[in-house]
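> Supplied structure: model-v4.pdb, PDB, C-alpha atoms.
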```pdb
MODEL        1
ATOM      1  CA  MET X   1     -34.814  39.059  -8.920
ATOM      2  CA  GLN X   2     -34.982  36.952  -5.774
ATOM      3  CA  ILE X   3     -38.011  35.089  -7.144
ATOM      4  CA  LEU X   4     -36.167  34.404 -10.397
ATOM      5  CA  LEU X   5     -33.159  33.004  -8.503
ATOM      6  CA  ASP X   6     -35.490  30.875  -6.380
ATOM      7  CA  ILE X   7     -37.216  29.491  -9.472
ATOM      8  CA  VAL X   8     -33.911  28.647 -11.169
ATOM      9  CA  SER X   9     -32.482  27.007  -8.080
ATOM     10  CA  TRP X  10     -35.642  24.997  -7.453
ATOM     11  CA  VAL X  11     -35.718  23.806 -11.063
ATOM     12  CA  LEU X  12     -32.095  22.686 -10.686
ATOM     13  CA  LEU X  13     -32.780  20.997  -7.338
ATOM     14  CA  LEU X  14     -35.829  19.142  -8.646
ATOM     15  CA  ALA X  15     -34.047  18.080 -11.826
ATOM     16  CA  GLY X  16     -31.121  16.815  -9.762
ATOM     17  CA  SER X  17     -33.471  14.904  -7.482
ATOM     18  CA  ALA X  18     -35.212  13.395 -10.509
ATOM     19  CA  PHE X  19     -31.874  12.247 -11.933
ATOM     20  CA  ALA X  20     -30.896  10.751  -8.577
ATOM     21  CA  LEU X  21     -34.222   8.894  -8.492
ATOM     22  CA  ILE X  22     -33.719   7.602 -12.041
ATOM     23  CA  GLY X  23     -30.228   6.433 -11.080
ATOM     24  CA  ALA X  24     -31.631   4.610  -8.052
ATOM     25  CA  VAL X  25     -34.296   2.878 -10.158
ATOM     26  CA  GLY X  26     -31.617   1.829 -12.648
ATOM     27  CA  LEU X  27     -29.428   0.567  -9.822
ATOM     28  CA  ILE X  28     -32.177  -1.863  -8.797
ATOM     29  CA  ARG X  29     -33.546  -2.804 -12.200
ATOM     30  CA  PHE X  30     -30.416  -3.304 -14.329
ATOM     31  CA  PRO X  31     -29.193  -6.873 -14.759
ATOM     32  CA  ASP X  32     -25.461  -6.937 -13.900
ATOM     33  CA  VAL X  33     -22.691  -5.030 -12.145
ATOM     34  CA  TYR X  34     -21.490  -3.026 -15.128
ATOM     35  CA  ALA X  35     -24.964  -1.872 -16.173
ATOM     36  CA  ARG X  36     -25.755  -0.947 -12.570
ATOM     37  CA  MET X  37     -22.572   1.100 -12.329
ATOM     38  CA  HIS X  38     -23.626   2.833 -15.531
ATOM     39  CA  ALA X  39     -26.969   3.700 -13.925
ATOM     40  CA  SER X  40     -25.447   4.903 -10.670
ATOM     41  CA  GLY X  41     -23.086   7.172 -12.598
ATOM     42  CA  ILE X  42     -26.009   9.491 -13.317
ATOM     43  CA  THR X  43     -26.530  10.155  -9.608
ATOM     44  CA  ASP X  44     -22.869  11.060  -9.183
ATOM     45  CA  THR X  45     -22.588  13.458 -12.097
ATOM     46  CA  LEU X  46     -25.937  14.960 -13.093
ATOM     47  CA  GLY X  47     -27.829  14.306  -9.861
ATOM     48  CA  ALA X  48     -25.230  15.599  -7.423
ATOM     49  CA  GLY X  49     -24.047  18.280  -9.858
ATOM     50  CA  LEU X  50     -27.487  19.783 -10.384
ATOM     51  CA  ILE X  51     -28.376  19.631  -6.685
ATOM     52  CA  LEU X  52     -25.098  21.352  -5.792
ATOM     53  CA  ALA X  53     -25.686  23.982  -8.496
ATOM     54  CA  GLY X  54     -29.144  24.684  -7.101
ATOM     55  CA  MET X  55     -27.741  25.038  -3.591
ATOM     56  CA  MET X  56     -24.979  27.354  -4.883
ATOM     57  CA  ILE X  57     -27.637  29.664  -6.345
ATOM     58  CA  GLN X  58     -29.417  29.652  -2.992
ATOM     59  CA  GLY X  59     -26.132  30.403  -1.227
ATOM     60  CA  GLY X  60     -25.059  33.363  -3.362
ATOM     61  CA  PHE X  61     -21.487  34.684  -3.193
ATOM     62  CA  THR X  62     -20.686  33.378   0.278
ATOM     63  CA  LEU X  63     -18.407  30.923   2.017
ATOM     64  CA  VAL X  64     -21.138  28.284   1.622
ATOM     65  CA  THR X  65     -20.819  28.460  -2.162
ATOM     66  CA  ALA X  66     -17.052  28.088  -1.952
ATOM     67  CA  LYS X  67     -17.487  24.955   0.147
ATOM     68  CA  LEU X  68     -20.070  23.606  -2.321
ATOM     69  CA  ILE X  69     -17.641  24.161  -5.200
ATOM     70  CA  LEU X  70     -14.997  22.230  -3.263
ATOM     71  CA  ILE X  71     -17.493  19.386  -2.696
ATOM     72  CA  LEU X  72     -18.245  19.357  -6.431
ATOM     73  CA  ILE X  73     -14.537  19.183  -7.300
ATOM     74  CA  PHE X  74     -14.016  16.319  -4.845
ATOM     75  CA  LEU X  75     -16.992  14.460  -6.301
ATOM     76  CA  LEU X  76     -15.634  14.915  -9.813
ATOM     77  CA  PHE X  77     -12.306  13.445  -8.697
ATOM     78  CA  THR X  78     -13.460  10.625  -6.469
ATOM     79  CA  SER X  79     -16.547   9.204  -8.149
ATOM     80  CA  PRO X  80     -14.796   8.170 -11.416
ATOM     81  CA  THR X  81     -11.989   6.720  -9.311
ATOM     82  CA  SER X  82     -14.328   4.624  -7.193
ATOM     83  CA  THR X  83     -16.212   3.489 -10.301
ATOM     84  CA  TYR X  84     -12.908   2.478 -11.861
ATOM     85  CA  ALA X  85     -11.889   0.553  -8.748
ATOM     86  CA  LEU X  86     -15.239  -1.275  -8.653
ATOM     87  CA  ALA X  87     -15.219  -2.169 -12.345
ATOM     88  CA  ASN X  88     -11.573  -3.192 -12.182
ATOM     89  CA  ALA X  89     -12.208  -5.447  -9.202
ATOM     90  CA  ALA X  90     -15.244  -7.040 -10.872
ATOM     91  CA  TYR X  91     -13.454  -7.612 -14.169
ATOM     92  CA  SER X  92     -10.201  -8.883 -12.732
ATOM     93  CA  ARG X  93     -12.123 -11.454 -10.689
ATOM     94  CA  GLY X  94     -13.531 -12.804 -13.964
ATOM     95  CA  LEU X  95     -17.004 -11.285 -14.135
ATOM     96  CA  GLN X  96     -17.836 -10.866 -17.816
ATOM     97  CA  PRO X  97     -20.336  -8.208 -18.919
ATOM     98  CA  LEU X  98     -23.783  -9.440 -19.968
ATOM     99  CA  LEU X  99     -23.984  -9.013 -23.724
ATOM    100  CA  GLY X 100     -27.182  -8.833 -25.707
ATOM    101  CA  GLY X 101     -25.958 -10.531 -28.890
ATOM    102  CA  PRO X 102     -25.183 -14.179 -29.552
ATOM    103  CA  GLU X 103     -22.823 -15.722 -27.010
ATOM    104  CA  PRO X 104     -19.202 -15.611 -28.282
ATOM    105  CA  ASP X 105     -17.233 -18.844 -28.225
ATOM    106  CA  PRO X 106     -14.858 -18.715 -25.209
ATOM    107  CA  ALA X 107     -12.202 -20.727 -27.080
ATOM    108  CA  ALA X 108     -12.199 -18.260 -29.982
ATOM    109  CA  LEU X 109     -11.965 -15.345 -27.576
ATOM    110  CA  GLU X 110      -8.988 -16.905 -25.855
ATOM    111  CA  ALA X 111      -7.273 -17.548 -29.168
ATOM    112  CA  ALA X 112      -7.821 -13.960 -30.287
ATOM    113  CA  ASP X 113      -6.516 -12.403 -27.072
ATOM    114  CA  PRO X 114      -4.484 -14.693 -24.810
ATOM    115  CA  ALA X 115      -4.076 -11.893 -22.244
ATOM    116  CA  SER X 116      -7.784 -12.043 -21.485
ATOM    117  CA  ALA X 117      -7.456 -15.550 -20.144
ATOM    118  CA  ILE X 118      -8.110 -14.800 -16.501
ATOM    119  CA  PRO X 119      -9.119 -16.991 -13.582
ATOM    120  CA  GLY X 120     -12.838 -17.455 -13.222
ATOM    121  CA  GLN X 121     -13.476 -17.524 -16.975
ATOM    122  CA  ALA X 122     -15.237 -20.874 -16.740
ATOM    123  CA  GLU X 123     -17.847 -19.700 -14.211
ATOM    124  CA  SER X 124     -18.533 -16.455 -16.029
ATOM    125  CA  GLY X 125     -18.902 -18.386 -19.284
ATOM    126  CA  SER X 126     -21.590 -20.533 -17.711
ATOM    127  CA  VAL X 127     -23.362 -17.394 -16.414
ATOM    128  CA  GLY X 128     -23.295 -15.975 -19.933
ATOM    129  CA  SER X 129     -24.716 -19.147 -21.459
ATOM    130  CA  VAL X 130     -27.624 -19.090 -18.999
ATOM    131  CA  SER X 131     -28.498 -15.584 -20.137
ATOM    132  CA  GLY X 132     -28.244 -16.753 -23.743
ATOM    133  CA  GLU X 133     -30.864 -19.438 -23.061
ATOM    134  CA  ASP X 134     -33.130 -16.815 -21.517
ATOM    135  CA  LYS X 135     -32.894 -14.765 -24.654
ATOM    136  CA  SER X 136     -33.686 -17.662 -27.001
ATOM    137  CA  SER X 137     -36.704 -18.906 -25.038
TER
ATOM    138  CA  MET B   1       7.145  -4.190  -8.736
ATOM    139  CA  VAL B   2       4.762  -3.473 -11.557
ATOM    140  CA  GLN B   3       2.819  -0.248 -11.130
ATOM    141  CA  ARG B   4      -0.744  -1.520 -10.842
ATOM    142  CA  HIS B   5      -3.817   0.653 -10.341
ATOM    143  CA  PHE B   6      -2.273   3.770 -11.763
ATOM    144  CA  ILE B   7      -5.511   5.803 -11.484
ATOM    145  CA  LEU B   8      -5.958   4.922  -7.814
ATOM    146  CA  ARG B   9      -2.347   5.827  -7.006
ATOM    147  CA  VAL B  10      -2.562   9.211  -8.707
ATOM    148  CA  THR B  11      -5.922  10.095  -7.164
ATOM    149  CA  THR B  12      -4.777   9.041  -3.712
ATOM    150  CA  LYS B  13      -1.641  11.128  -4.001
ATOM    151  CA  LEU B  14      -3.756  14.065  -5.143
ATOM    152  CA  LEU B  15      -6.374  13.819  -2.396
ATOM    153  CA  MET B  16      -4.206  12.798   0.560
ATOM    154  CA  PRO B  17      -3.156  16.321   1.714
ATOM    155  CA  PHE B  18      -6.755  17.532   1.466
ATOM    156  CA  ILE B  19      -8.035  14.601   3.518
ATOM    157  CA  LEU B  20      -5.533  15.365   6.285
ATOM    158  CA  LEU B  21      -6.272  19.106   6.025
ATOM    159  CA  PHE B  22      -9.996  18.416   6.296
ATOM    160  CA  ALA B  23      -9.344  16.302   9.378
ATOM    161  CA  LEU B  24      -7.508  19.229  10.977
ATOM    162  CA  TYR B  25     -10.348  21.571   9.953
ATOM    163  CA  VAL B  26     -12.898  19.302  11.624
ATOM    164  CA  GLN B  27     -10.628  19.125  14.669
ATOM    165  CA  PHE B  28     -10.123  22.827  15.242
ATOM    166  CA  HIS B  29     -13.430  24.057  13.857
ATOM    167  CA  GLY B  30     -15.265  21.786  16.266
ATOM    168  CA  ASP B  31     -15.705  24.655  18.731
ATOM    169  CA  PHE B  32     -17.771  26.645  16.235
ATOM    170  CA  GLY B  33     -19.457  24.078  14.027
ATOM    171  CA  PRO B  34     -20.059  20.382  13.589
ATOM    172  CA  GLY B  35     -16.992  18.319  14.302
ATOM    173  CA  GLY B  36     -14.714  17.489  17.162
ATOM    174  CA  GLY B  37     -11.916  15.251  18.209
ATOM    175  CA  PHE B  38     -13.434  11.851  17.497
ATOM    176  CA  GLN B  39     -14.600  12.682  13.980
ATOM    177  CA  ALA B  40     -11.313  14.377  13.123
ATOM    178  CA  GLY B  41      -9.354  11.405  14.418
ATOM    179  CA  VAL B  42     -11.429   9.026  12.325
ATOM    180  CA  ILE B  43     -10.885  11.101   9.171
ATOM    181  CA  PHE B  44      -7.159  11.373   9.886
ATOM    182  CA  GLY B  45      -6.907   7.629  10.485
ATOM    183  CA  ALA B  46      -8.960   6.898   7.365
ATOM    184  CA  GLY B  47      -6.448   8.896   5.326
ATOM    185  CA  PHE B  48      -3.681   6.594   6.521
ATOM    186  CA  VAL B  49      -5.866   3.526   5.912
ATOM    187  CA  LEU B  50      -6.422   4.678   2.325
ATOM    188  CA  TYR B  51      -2.684   5.183   1.904
ATOM    189  CA  ALA B  52      -1.977   1.700   3.245
ATOM    190  CA  LEU B  53      -4.629   0.164   0.970
ATOM    191  CA  ILE B  54      -3.194   1.745  -2.179
ATOM    192  CA  TYR B  55       0.551   1.791  -1.518
ATOM    193  CA  GLY B  56       0.871  -1.251   0.720
ATOM    194  CA  VAL B  57       1.354  -1.829   4.421
ATOM    195  CA  GLU B  58       5.153  -1.500   4.229
ATOM    196  CA  ALA B  59       4.940   2.014   2.779
ATOM    197  CA  ALA B  60       2.371   3.013   5.395
ATOM    198  CA  GLU B  61       4.560   1.659   8.179
ATOM    199  CA  LYS B  62       7.423   3.739   6.803
ATOM    200  CA  VAL B  63       5.261   6.861   7.198
ATOM    201  CA  ALA B  64       3.742   5.778  10.508
ATOM    202  CA  PRO B  65       6.069   3.379  12.348
ATOM    203  CA  PRO B  66       4.028   1.241  14.781
ATOM    204  CA  GLY B  67       6.235   2.066  17.758
ATOM    205  CA  VAL B  68       5.950   5.817  17.189
ATOM    206  CA  ILE B  69       2.175   5.550  16.639
ATOM    207  CA  ARG B  70       1.791   3.699  19.939
ATOM    208  CA  VAL B  71       3.730   6.411  21.750
ATOM    209  CA  ILE B  72       1.553   9.097  20.105
ATOM    210  CA  MET B  73      -1.566   7.150  21.099
ATOM    211  CA  THR B  74      -0.585   7.194  24.750
ATOM    212  CA  LEU B  75       0.456  10.852  24.522
ATOM    213  CA  GLY B  76      -3.049  11.779  23.371
ATOM    214  CA  LEU B  77      -4.594  10.024  26.362
ATOM    215  CA  LEU B  78      -1.973  11.647  28.595
ATOM    216  CA  LEU B  79      -2.971  15.081  27.243
ATOM    217  CA  PHE B  80      -6.635  14.408  28.049
ATOM    218  CA  VAL B  81      -5.962  13.176  31.560
ATOM    219  CA  GLY B  82      -3.284  15.824  32.072
ATOM    220  CA  VAL B  83      -5.743  18.635  31.364
ATOM    221  CA  GLY B  84      -8.158  17.027  33.798
ATOM    222  CA  TYR B  85      -5.594  16.778  36.603
ATOM    223  CA  PHE B  86      -4.164  20.225  35.818
ATOM    224  CA  GLY B  87      -7.572  21.687  36.676
ATOM    225  CA  LEU B  88      -7.511  19.631  39.856
ATOM    226  CA  PHE B  89      -4.117  21.029  40.849
ATOM    227  CA  LEU B  90      -5.256  24.600  40.163
ATOM    228  CA  GLY B  91      -8.015  24.210  42.704
ATOM    229  CA  GLY B  92     -10.984  23.166  40.566
ATOM    230  CA  ALA B  93     -12.615  19.803  39.957
ATOM    231  CA  PHE B  94     -11.381  17.090  37.575
ATOM    232  CA  LEU B  95     -11.711  18.424  33.981
ATOM    233  CA  ASP B  96     -12.682  21.832  35.371
ATOM    234  CA  TYR B  97     -11.840  24.244  32.553
ATOM    235  CA  ASN B  98     -12.787  27.443  34.336
ATOM    236  CA  VAL B  99      -9.566  27.624  36.350
ATOM    237  CA  LEU B 100      -7.210  27.010  33.399
ATOM    238  CA  ALA B 101      -6.966  30.689  32.364
ATOM    239  CA  HIS B 102      -7.415  34.033  34.055
ATOM    240  CA  ASP B 103     -11.126  34.149  33.222
ATOM    241  CA  PRO B 104     -13.613  31.278  32.809
ATOM    242  CA  VAL B 105     -14.444  31.893  29.119
ATOM    243  CA  HIS B 106     -10.815  31.642  28.011
ATOM    244  CA  GLY B 107     -10.351  28.702  30.340
ATOM    245  CA  GLN B 108     -13.287  26.858  28.772
ATOM    246  CA  HIS B 109     -11.936  27.573  25.291
ATOM    247  CA  LEU B 110      -8.425  26.410  26.088
ATOM    248  CA  GLY B 111      -9.606  23.347  27.984
ATOM    249  CA  ILE B 112     -12.028  22.069  25.364
ATOM    250  CA  THR B 113      -9.474  22.622  22.577
ATOM    251  CA  LEU B 114      -6.774  20.663  24.416
ATOM    252  CA  VAL B 115      -9.128  17.849  25.434
ATOM    253  CA  GLU B 116     -10.476  17.489  21.895
ATOM    254  CA  LEU B 117      -6.902  17.487  20.585
ATOM    255  CA  GLY B 118      -6.098  14.639  22.948
ATOM    256  CA  VAL B 119      -9.177  12.715  21.799
ATOM    257  CA  GLY B 120      -8.313  13.312  18.139
ATOM    258  CA  ILE B 121      -4.693  12.175  18.513
ATOM    259  CA  THR B 122      -5.727   9.041  20.393
ATOM    260  CA  VAL B 123      -8.493   8.079  17.979
ATOM    261  CA  ALA B 124      -6.327   8.610  14.880
ATOM    262  CA  ALA B 125      -3.414   6.640  16.333
ATOM    263  CA  THR B 126      -5.720   3.837  17.491
ATOM    264  CA  MET B 127      -7.365   3.580  14.049
ATOM    265  CA  ILE B 128      -3.958   3.390  12.348
ATOM    266  CA  THR B 129      -2.678   0.819  14.834
ATOM    267  CA  ILE B 130      -5.754  -1.417  14.523
ATOM    268  CA  PHE B 131      -5.667  -1.327  10.730
ATOM    269  CA  LEU B 132      -1.930  -1.884  10.410
ATOM    270  CA  SER B 133      -1.866  -4.737  12.904
ATOM    271  CA  PHE B 134      -4.741  -6.523  11.145
ATOM    272  CA  ALA B 135      -3.398  -5.824   7.633
ATOM    273  CA  GLY B 136       0.122  -6.955   8.529
ATOM    274  CA  ARG B 137      -1.032 -10.156  10.246
ATOM    275  CA  ASN B 138      -0.232 -12.569   7.411
ATOM    276  CA  ARG B 139       3.329 -11.442   6.921
ATOM    277  CA  THR B 140       6.175 -13.693   8.056
TER
ENDMDL
END
```
Take the structure I supplied and represent it as structure tokens, if you would.

Amino acid sequence: MQILLDIVSWVLLLAGSAFALIGAVGLIRFPDVYARMHASGITDTLGAGLILAGMMIQGGFTLVTAKLILILIFLLFTSPTSTYALANAAYSRGLQPLLGGPEPDPAALEAADPASAIPGQAESGSVGSVSGEDKSS
Amino acid sequence: MVQRHFILRVTTKLLMPFILLFALYVQFHGDFGPGGGFQAGVIFGAGFVLYALIYGVEAAEKVAPPGVIRVIMTLGLLLFVGVGYFGLFLGGAFLDYNVLAHDPVHGQHLGITLVELGVGITVAATMITIFLSFAGRNRT
């Protein structure tokens, strides 16, 4: 029984570590802020969740497990909030997401949705056009 | 004023009591586990800093008026030094906990708790004061 619990908890711990590693690789390799936040999300949810689950199995029905559950709840509350704050700050300062398709015309975008006319649009448009050239070459 | 950052406001309101409770846990559990006055004071101050970041400096100053915080800051230091001199008056050395109670073990316990409380109060009040004075610098 103890060996079975050890095996399960170690599988969870290793899987969580693997997800954290994948998230870290994505954080370095992905091209822009939004894609990097997408990659780091996996460390917050699956990585931390699986590692905490593995540690809970090691802990058994003790005070340690209760504290780990509290940590998990706090992570589930705070990590989406911090991701939201980061994405909101990036977007409201005019950083447009890198899109794979053909570059949309900024004038047409502005005409379709006047509310999206935010300061910094000109710089982000130029960043987008650079990436478009990369794709065509 | 338009209610901006609705998610941040709700989450802050939800987490604020637990942040302060965790600070008190770190403060008073410091005798038995990791923790202590400095760490607890930093967590307590960081709670107020978070509140000021989300709800604005005016709201934070309503909760923690600068004059009151400065008085609390000095009271924490006074508690620390007071415990030290109290041991001196009871016949021990400065910050000698053994003479505070009828036997040395209880004296040590009481002394370290009071001294850490003084450190925690001072650190928390200093953190709040530093943040509020820097954040409120550009106001007229």
> Can you list, as a list in words, the residues that the PyMOL selection byres ((chain B and resi 97) around 10) selects here?
Val83, Gly84, Phe86, Gly87, Leu88, Gly92, Ala93, Phe94, Leu95, Asp96, Asn98, Val99, Leu100, Ala101, Asp103, Pro104, Val105, His106, Gly107, Gln108, His109, Leu110, Gly111, Ile112 and Val115 of chain B
> Could you please select, counting only C-alpha atoms, the residues of chain B within 12 Å of chain X and state them as a list in words?
Arg4, His5, Phe6, Ile7, Leu8, Arg9, Val10, Thr11, Thr12, Lys13, Leu14, Leu15, Met16, Phe18, Ile19, Phe22 and Ile54 of chain B
> To one decimal in Å, tell me the separation between atom CA of Ile51 of chain X and atom CA of Ala18 of chain X.
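One can read the atom CA of Ile51 of chain X to atom CA of Ala18 of chain X distance as 10.0 Å.
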> Counting only C-alpha atoms, what is within 10 Å of Leu132 of chain B, bar same-chain residues fewer than 2 positions away, as a ChimeraX atom specification?
/B:48-49,52,57-58,60-61,64-66,126-130,134-137
> Could the residues in this selection be written to a file with C-alpha atoms, as a short mmCIF file (atom, residue, chain, number, x, y, z; two decimals), keeping the file's coordinate frame?

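Generated file (result-v6.cif):
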```
data_model
loop_
_atom_site.label_atom_id
_atom_site.label_comp_id
_atom_site.auth_asym_id
_atom_site.auth_seq_id
_atom_site.Cartn_x
_atom_site.Cartn_y
_atom_site.Cartn_z
CA PHE B 48 -3.68 6.59 6.52
CA VAL B 49 -5.87 3.53 5.91
CA ALA B 52 -1.98 1.70 3.24
CA VAL B 57 1.35 -1.83 4.42
CA GLU B 58 5.15 -1.50 4.23
CA ALA B 60 2.37 3.01 5.40
CA GLU B 61 4.56 1.66 8.18
CA ALA B 64 3.74 5.78 10.51
CA PRO B 65 6.07 3.38 12.35
CA PRO B 66 4.03 1.24 14.78
CA THR B 126 -5.72 3.84 17.49
CA MET B 127 -7.36 3.58 14.05
CA ILE B 128 -3.96 3.39 12.35
CA THR B 129 -2.68 0.82 14.83
CA ILE B 130 -5.75 -1.42 14.52
CA PHE B 134 -4.74 -6.52 11.14
CA ALA B 135 -3.40 -5.82 7.63
CA GLY B 136 0.12 -6.96 8.53
CA ARG B 137 -1.03 -10.16 10.25
#
```
> List, as an NGL selection string, every residue that the PyMOL selection byres ((chain B and resi 39) around 10) selects in the file provided.
:B and (23 or 26-27 or 30 or 34-38 or 40-45 or 119-120 or 123-124)
> Given the file shown, enumerate the residues that the PyMOL selection byres ((chain X and resi 25-33) around 12) captures and present them as a tab-separated table (two decimals) with C-alpha atoms, in the coordinates of the input.

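Dumped to result26.tsv:
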```
chain	number	residue	atom	x	y	z
X	18	ALA	CA	-35.21	13.40	-10.51
X	19	PHE	CA	-31.87	12.25	-11.93
X	20	ALA	CA	-30.90	10.75	-8.58
X	21	LEU	CA	-34.22	8.89	-8.49
X	22	ILE	CA	-33.72	7.60	-12.04
X	23	GLY	CA	-30.23	6.43	-11.08
X	24	ALA	CA	-31.63	4.61	-8.05
X	34	TYR	CA	-21.49	-3.03	-15.13
X	35	ALA	CA	-24.96	-1.87	-16.17
X	36	ARG	CA	-25.76	-0.95	-12.57
X	37	MET	CA	-22.57	1.10	-12.33
X	38	HIS	CA	-23.63	2.83	-15.53
X	39	ALA	CA	-26.97	3.70	-13.92
X	40	SER	CA	-25.45	4.90	-10.67
X	41	GLY	CA	-23.09	7.17	-12.60
X	42	ILE	CA	-26.01	9.49	-13.32
X	43	THR	CA	-26.53	10.15	-9.61
X	83	THR	CA	-16.21	3.49	-10.30
X	86	LEU	CA	-15.24	-1.27	-8.65
X	87	ALA	CA	-15.22	-2.17	-12.34
X	88	ASN	CA	-11.57	-3.19	-12.18
X	89	ALA	CA	-12.21	-5.45	-9.20
X	90	ALA	CA	-15.24	-7.04	-10.87
X	91	TYR	CA	-13.45	-7.61	-14.17
X	95	LEU	CA	-17.00	-11.28	-14.14
X	96	GLN	CA	-17.84	-10.87	-17.82
X	97	PRO	CA	-20.34	-8.21	-18.92
X	98	LEU	CA	-23.78	-9.44	-19.97
X	99	LEU	CA	-23.98	-9.01	-23.72
X	100	GLY	CA	-27.18	-8.83	-25.71
X	124	SER	CA	-18.53	-16.45	-16.03
X	127	VAL	CA	-23.36	-17.39	-16.41
X	128	GLY	CA	-23.30	-15.98	-19.93
X	131	SER	CA	-28.50	-15.58	-20.14
```
> Go ahead and compute the interatomic distance for atom CA of His102 of chain B and atom CA of Asp31 of chain B, in Å to one decimal.
19.8 Å
> Extending 8 Å beyond the listed atoms of segment 16-32 of chain X on each side, what axis-aligned box results? I want centre and edge lengths in Å to one decimal, as lines of an AutoDock Vina configuration file.

```
center_x = -30.3
center_y = 4.9
center_z = -11.1
size_x = 25.8
size_y = 39.8
size_z = 23.3
```
> Skipping near chain neighbours, those fewer than 5 positions away, what residues fall within 12 Å of Ile3 of chain X using all atoms listed in the file, listed as a ChimeraX atom specification?
/X:8-10,57-58
